[in-house]
file protein_5.txt (compact mmCIF, C-alpha atoms)
# COMPACT_ATOMS: atom_id res chain seq x y z
CA MET A 16 -28.65 18.17 6.45
CA LYS A 17 -32.39 17.66 5.88
CA HIS A 18 -35.85 18.79 6.97
CA CYS A 19 -37.49 16.71 9.72
CA ASN A 20 -39.90 16.84 12.66
CA PRO A 21 -38.79 16.23 16.27
CA SER A 22 -40.16 12.99 17.76
CA PRO A 23 -41.73 12.46 21.21
CA ASP A 24 -38.50 11.00 22.67
CA SER A 25 -36.65 14.33 22.28
CA ILE A 26 -35.74 16.86 24.97
CA LEU A 27 -35.15 20.58 24.78
CA LEU A 28 -31.49 21.45 25.40
CA TYR A 29 -31.31 25.13 24.48
CA LYS A 30 -33.67 27.85 23.35
CA GLU A 31 -33.10 31.38 22.18
CA ALA A 32 -34.98 33.85 20.06
CA THR A 33 -33.65 32.49 16.80
CA ILE A 34 -32.55 28.92 17.55
CA ILE A 35 -33.73 25.86 19.47
CA ILE A 36 -31.54 22.76 20.03
CA ILE A 37 -33.26 19.42 20.73
CA LEU A 38 -31.56 16.08 21.44
CA ASN A 39 -33.23 12.90 20.18
CA PHE A 40 -32.06 9.85 22.15
CA SER A 41 -33.40 7.00 20.05
CA ASN A 42 -31.99 8.13 16.70
CA HIS A 43 -28.94 10.07 17.95
CA PHE A 44 -29.97 13.23 16.14
CA VAL A 45 -29.49 16.85 17.10
CA PHE A 46 -32.29 19.06 15.77
CA LEU A 47 -31.61 22.74 15.06
CA LEU A 48 -34.84 24.65 14.76
CA ASP A 49 -34.84 28.14 13.39
CA PRO A 50 -38.33 29.61 14.05
CA TYR A 51 -37.53 32.85 12.28
CA GLN A 52 -36.70 31.04 9.03
CA ARG A 53 -39.25 28.27 9.80
CA HIS A 54 -36.66 25.61 9.08
CA ILE A 55 -35.75 22.46 11.00
CA TYR A 56 -32.32 20.92 10.41
CA THR A 57 -30.91 17.68 11.75
CA PHE A 58 -27.33 16.46 12.21
CA THR A 59 -26.37 12.89 13.05
CA MET A 60 -24.32 12.72 16.23
CA ALA A 61 -20.90 11.09 15.75
CA GLU A 62 -20.72 7.52 16.98
CA LYS A 63 -18.11 6.87 19.65
CA PRO A 64 -15.08 5.49 17.78
CA ILE A 65 -13.92 1.92 18.36
CA ILE A 66 -10.30 3.08 18.11
CA PHE A 67 -9.34 6.71 18.56
CA ALA A 68 -5.95 8.44 18.25
CA PRO A 69 -3.59 5.59 19.24
CA GLU A 70 -0.55 6.83 21.12
CA THR A 71 2.29 7.63 18.75
CA TYR A 72 5.72 9.23 18.86
CA GLN A 73 7.72 12.03 17.29
CA TYR A 74 9.97 11.41 14.30
CA ASP A 75 13.25 12.87 15.48
CA LYS A 76 16.14 10.71 14.30
CA ASP A 77 17.34 12.36 11.12
CA THR A 78 16.95 15.12 8.54
CA LEU A 79 17.05 15.19 4.75
CA ASN A 80 18.10 18.02 2.46
CA GLU A 81 18.77 18.28 -1.25
CA SER A 82 22.54 18.23 -0.86
CA GLN A 83 22.31 14.67 0.53
CA LEU A 84 20.43 13.31 -2.48
CA LEU A 85 22.03 11.59 -5.46
CA ASN A 86 21.16 12.61 -9.02
CA ASP A 87 19.57 9.25 -9.88
CA PRO A 88 16.66 8.15 -7.64
CA ILE A 89 17.52 4.48 -8.24
CA ASP A 90 20.98 5.13 -6.81
CA GLN A 91 19.43 7.06 -3.93
CA PHE A 92 17.03 4.19 -3.24
CA THR A 93 19.90 1.69 -3.31
CA LYS A 94 21.74 3.78 -0.71
CA TRP A 95 18.72 3.93 1.61
CA PHE A 96 17.85 0.26 1.10
CA ASN A 97 21.38 -0.83 2.00
CA GLU A 98 21.24 1.31 5.13
CA ALA A 99 17.94 -0.35 6.08
CA LYS A 100 19.47 -3.80 5.53
CA GLU A 101 22.35 -2.89 7.83
CA ASP A 102 20.01 -1.69 10.59
CA PRO A 103 19.37 -4.66 12.96
CA ARG A 104 16.09 -3.04 14.03
CA GLU A 105 14.72 -3.24 10.47
CA PRO A 106 14.00 -6.98 10.26
CA LEU A 107 12.37 -7.02 6.81
CA PRO A 108 13.50 -4.01 4.75
CA GLU A 109 12.22 -5.62 1.52
CA ALA A 110 8.60 -5.65 2.73
CA ILE A 111 6.41 -3.38 0.61
CA THR A 112 2.82 -2.30 0.23
CA PHE A 113 1.83 -2.94 -3.38
CA ALA A 114 -1.19 -0.99 -4.61
CA SER A 115 -3.18 -1.64 -7.78
CA ALA A 116 -6.54 -0.54 -9.12
CA GLU A 117 -9.09 -2.32 -11.31
CA LEU A 118 -10.73 -0.52 -14.21
CA PRO A 119 -13.34 0.61 -15.01
CA SER A 120 -14.55 0.45 -11.39
CA GLY A 121 -11.49 2.25 -10.03
CA LYS A 122 -11.50 -0.08 -7.00
CA VAL A 123 -8.12 0.07 -5.28
CA SER A 124 -6.51 -2.82 -3.41
CA THR A 125 -3.29 -3.19 -1.46
CA ARG A 126 -1.29 -6.06 -0.05
CA ILE A 127 2.06 -6.65 1.67
CA LEU A 128 4.61 -8.30 -0.63
CA LEU A 129 8.36 -8.80 -0.70
CA PHE A 130 10.34 -6.75 -3.18
CA LYS A 131 12.83 -9.03 -4.91
CA GLU A 132 14.82 -7.27 -7.59
CA LEU A 133 16.01 -3.83 -8.65
CA ASP A 134 17.68 -2.61 -11.81
CA HIS A 135 17.85 0.83 -13.38
CA ARG A 136 14.57 0.11 -15.13
CA GLY A 137 12.57 -0.49 -11.98
CA PHE A 138 11.33 -2.51 -9.02
CA THR A 139 10.36 -6.18 -9.50
CA ILE A 140 8.05 -8.47 -7.54
CA TYR A 141 7.13 -12.10 -8.26
CA SER A 142 3.72 -13.70 -8.01
CA ASN A 143 0.87 -15.63 -9.63
CA TRP A 144 -0.37 -13.60 -12.60
CA LYS A 145 -3.29 -15.82 -13.55
CA THR A 146 -5.72 -15.98 -10.64
CA SER A 147 -4.61 -13.38 -8.07
CA GLY A 148 -6.51 -10.18 -7.42
CA LYS A 149 -3.55 -8.05 -8.43
CA ALA A 150 -3.34 -10.00 -11.71
CA LYS A 151 -6.90 -8.94 -12.55
CA ASP A 152 -6.10 -5.35 -11.61
CA ILE A 153 -2.97 -5.21 -13.75
CA ALA A 154 -4.78 -6.79 -16.71
CA SER A 155 -7.18 -3.84 -16.77
CA ASN A 156 -4.85 -1.11 -15.50
CA PRO A 157 -1.06 -1.36 -15.80
CA ASN A 158 -0.38 1.40 -13.27
CA ALA A 159 0.75 0.50 -9.76
CA ALA A 160 2.39 1.94 -6.64
CA VAL A 161 4.88 0.59 -4.13
CA ASN A 162 5.59 1.85 -0.63
CA PHE A 163 8.56 0.99 1.59
CA PHE A 164 8.40 1.98 5.27
CA TRP A 165 11.39 1.59 7.56
CA ARG A 166 10.03 2.32 11.00
CA ASP A 167 13.24 2.47 12.99
CA MET A 168 14.94 4.74 10.48
CA GLN A 169 11.77 6.83 10.24
CA ARG A 170 11.90 6.74 6.46
CA GLN A 171 9.65 5.76 3.61
CA VAL A 172 9.99 5.58 -0.15
CA ARG A 173 6.95 5.90 -2.41
CA VAL A 174 7.13 4.62 -5.99
CA GLU A 175 4.49 5.18 -8.69
CA GLY A 176 4.65 4.08 -12.30
CA PHE A 177 3.52 1.62 -14.94
CA THR A 178 4.10 -2.13 -14.95
CA GLU A 179 5.57 -4.63 -17.36
CA PHE A 180 6.25 -8.35 -17.13
CA VAL A 181 9.89 -9.37 -17.01
CA SER A 182 11.38 -11.96 -19.34
CA ARG A 183 10.81 -15.66 -18.82
CA GLU A 184 14.52 -16.02 -18.21
CA MET A 185 14.37 -13.57 -15.30
CA SER A 186 11.33 -15.30 -13.81
CA GLU A 187 12.97 -18.72 -13.97
CA ARG A 188 16.21 -17.38 -12.52
CA TYR A 189 14.41 -16.10 -9.44
CA PHE A 190 12.10 -19.15 -9.19
CA ASN A 191 15.17 -21.37 -8.93
CA THR A 192 16.26 -19.54 -5.76
CA ARG A 193 13.04 -20.40 -3.93
CA PRO A 194 12.83 -23.22 -1.36
CA ARG A 195 11.38 -26.48 -2.65
CA GLY A 196 8.21 -26.02 -0.61
CA SER A 197 7.60 -22.59 -2.12
CA LYS A 198 8.03 -23.97 -5.62
CA ILE A 199 5.48 -26.70 -4.94
CA GLY A 200 3.24 -24.07 -3.37
CA ALA A 201 3.32 -22.02 -6.56
CA TRP A 202 2.02 -25.06 -8.47
CA SER A 203 -0.63 -25.82 -5.84
CA SER A 204 -2.33 -22.50 -5.10
CA GLU A 205 -4.92 -20.85 -7.32
CA GLN A 206 -4.12 -17.63 -5.54
CA SER A 207 -7.14 -15.66 -4.27
CA HIS A 208 -9.67 -18.32 -5.32
CA PRO A 209 -12.08 -19.49 -2.58
CA LEU A 210 -11.28 -22.73 -0.73
CA ALA A 211 -13.79 -24.98 0.99
CA ASN A 212 -11.27 -25.65 3.77
CA ARG A 213 -7.55 -26.04 4.49
CA GLU A 214 -7.75 -29.70 3.53
CA GLU A 215 -8.56 -28.77 -0.08
CA LEU A 216 -5.32 -26.81 -0.33
CA GLN A 217 -3.34 -29.56 1.40
CA LYS A 218 -4.65 -32.11 -1.09
CA LEU A 219 -3.26 -30.04 -3.97
CA VAL A 220 0.07 -29.67 -2.17
CA ASP A 221 0.22 -33.44 -1.60
CA GLU A 222 -0.55 -34.11 -5.26
CA ASN A 223 2.21 -31.79 -6.45
CA THR A 224 4.66 -33.10 -3.86
CA LYS A 225 4.09 -36.56 -5.33
CA ARG A 226 4.27 -35.17 -8.88
CA PHE A 227 7.75 -33.77 -8.28
CA ASP A 228 8.99 -36.60 -6.10
CA GLY A 229 12.55 -37.41 -7.10
CA VAL A 230 12.88 -34.25 -9.18
CA PRO A 231 15.90 -32.18 -8.06
CA ASP A 232 15.02 -28.76 -6.66
CA ASP A 233 16.62 -26.96 -9.58
CA ARG A 234 14.60 -29.06 -12.02
CA ILE A 235 11.16 -28.12 -10.71
CA PRO A 236 9.87 -25.85 -13.50
CA CYS A 237 8.44 -22.41 -13.02
CA PRO A 238 4.68 -22.37 -13.82
CA ASP A 239 3.90 -20.38 -16.94
CA TYR A 240 1.43 -18.21 -15.00
CA TRP A 241 4.02 -17.33 -12.35
CA GLY A 242 6.72 -14.72 -12.75
CA GLY A 243 8.02 -11.21 -12.31
CA LEU A 244 6.30 -7.87 -12.66
CA ARG A 245 8.39 -4.72 -12.82
CA VAL A 246 7.14 -1.30 -11.74
CA VAL A 247 8.84 1.23 -14.02
CA PRO A 248 8.84 4.39 -11.90
CA LEU A 249 7.65 7.78 -13.04
CA GLN A 250 7.71 9.16 -9.51
CA ILE A 251 9.91 8.24 -6.54
CA GLU A 252 9.50 10.11 -3.27
CA PHE A 253 11.96 10.00 -0.38
CA TRP A 254 10.43 10.83 3.00
CA GLN A 255 12.31 11.44 6.22
CA GLY A 256 10.23 11.82 9.37
CA ARG A 257 10.68 15.03 11.34
CA PRO A 258 9.26 16.40 14.62
CA SER A 259 5.74 17.85 14.67
CA ARG A 260 4.98 16.00 11.43
CA LEU A 261 7.00 18.61 9.50
CA HIS A 262 8.68 15.91 7.44
CA ASP A 263 11.35 16.28 4.78
CA ARG A 264 9.96 15.11 1.42
CA PHE A 265 11.70 15.09 -1.94
CA LEU A 266 10.09 13.93 -5.19
CA TYR A 267 11.89 12.75 -8.31
CA SER A 268 9.50 12.74 -11.28
CA ARG A 269 9.41 12.39 -15.05
CA LYS A 270 6.58 12.30 -17.58
CA ASN A 271 7.82 9.12 -19.28
CA GLU A 272 10.68 6.66 -19.01
CA ASN A 273 12.82 8.49 -21.58
CA GLU A 274 12.79 11.90 -19.88
CA PRO A 275 15.35 13.05 -17.30
CA TRP A 276 14.36 13.19 -13.64
CA THR A 277 13.40 16.46 -11.97
CA LEU A 278 13.68 16.94 -8.22
CA VAL A 279 11.50 19.11 -5.98
CA ARG A 280 10.91 19.44 -2.25
CA LEU A 281 7.30 18.80 -1.17
CA ALA A 282 5.43 20.34 1.73
CA PRO A 283 4.81 17.85 4.51

call {"tool": "encode", "arguments": {"input": "protein_5.txt", "output": "structure tokens"}}
result
Amino acid sequence: MKHCNPSPDSILLYKEATIIIILNFSNHFVFLLDPYQRHIYTFTMAEKPIIFAPETYQYDKDTLNESQLLNDPIDQFTKWFNEAKEDPREPLPEAITFASAELPSGKVSTRILLFKELDHRGFTIYSNWKTSGKAKDIASNPNAAVNFFWRDMQRQVRVEGFTEFVSREMSERYFNTRPRGSKIGAWSSEQSHPLANREELQKLVDENTKRFDGVPDDRIPCPDYWGGLRVVPLQIEFWQGRPSRLHDRFLYSRKNENEPWTLVRLAP
């Protein structure tokens, strides 16, 4: 809100003893003039949205109450994850949104990744930890968040905690399960670095394909900059969609990894 003067391309819309409303076409302003106070205020008119309120649906498939929850959130997650795997309408239950933030700017970034490993310590993903954007974030700020969303089951799980790199042994164990092309890709891509064109990437792939020609799949080494990152959870929320957006939400939380979990219901 600011002081201004109406321009010539404005028209009078409404006038009363204490207020005058004028519409300015060229700048999309509405002027509110208050003669009694001798003030002129202006408000920018909202631009017509490109996308507005896409059609959605009600969450109405299930409910969640405390009696259904297990004492350990890792066990509860395992139960839900297995149910998602068994649902033929959930084609990729391991897909996650991974969120990280760079410090000191506080800039947050997210990306879709595939969750690969779970133990009672936490949730593990694998990636390039030398050149990727998330590598730079984690180097300055070890905190991260993970979100699972299973659309057909109308469920999500939100995980927040701190990160730690897994052992080299764990990284190599998972790397050895990857297809040959993915292994060569890990050697070829400076993840998140600019490329002049697709041909530049293909040249690196061709060079590494030749480099490992004749090397058995299980003998292609894991790059030292590539490996696993575990999110050690301090909060795990289980969310079950309900009608009218009055969802069931339960949060397991702890202040540090050595404390027991507490469980509370959250307002939707």

call {"tool": "closest_residue", "arguments": {"input": "protein_5.txt", "among": "A:Ser259, A:Gln206, A:Gln73, A:Thr112", "to": "Trp144 (chain A)", "atoms": "only C-alpha atoms"}}
result
A:Gln206

call {"tool": "closest_residue", "arguments": {"input": "protein_5.txt", "among": "A:Glu205, A:Glu175, A:Glu117, A:Asp263", "to": "Tyr74 (chain A)", "atoms": "all atoms listed in the file"}}
result
A:Asp263

call {"tool": "residues_near_point", "arguments": {"input": "protein_5.txt", "point": "(-10.4, 1.0, -7.1)", "cutoff": "12 Å", "atoms": "only C-alpha atoms", "output": "NGL selection string"}}
result
:A and (114-125 or 148-149 or 151-153 or 155-156 or 158-159)

call {"tool": "residues_around", "arguments": {"input": "protein_5.txt", "residues": "region 90-101 of chain A", "least_positions_apart": "2", "cutoff": "10 Å", "atoms": "all atoms listed in the file", "output": "PyMOL selection string"}}
result
chain A and resi 83-88+103-109+133-135+163-168+170-172+251-253

call {"tool": "closest_residue", "arguments": {"input": "protein_5.txt", "among": "A:Glu187, A:Glu70, A:Asp77, A:Glu272", "to": "Pro238 (chain A)", "atoms": "all atoms listed in the file"}}
result
A:Glu187

call {"tool": "atom_distance", "arguments": {"input": "protein_5.txt", "atom1": "CA of Arg213 (chain A)", "atom2": "CA of Gly196 (chain A)"}}
result
16.6 Å

call {"tool": "atom_distance", "arguments": {"input": "protein_5.txt", "atom1": "CA of Thr277 (chain A)", "atom2": "CA of Gly243 (chain A)"}}
result
28.2 Å

call {"tool": "atom_distance", "arguments": {"input": "protein_5.txt", "atom1": "CA of Asp233 (chain A)", "atom2": "CA of Ala201 (chain A)"}}
result
14.5 Å

call {"tool": "residues_around", "arguments": {"input": "protein_5.txt", "residues": "Val279 (chain A)", "least_positions_apart": "5", "cutoff": "7 Å", "atoms": "only C-alpha atoms", "output": "NGL selection string"}}
result
:A and (265-267)
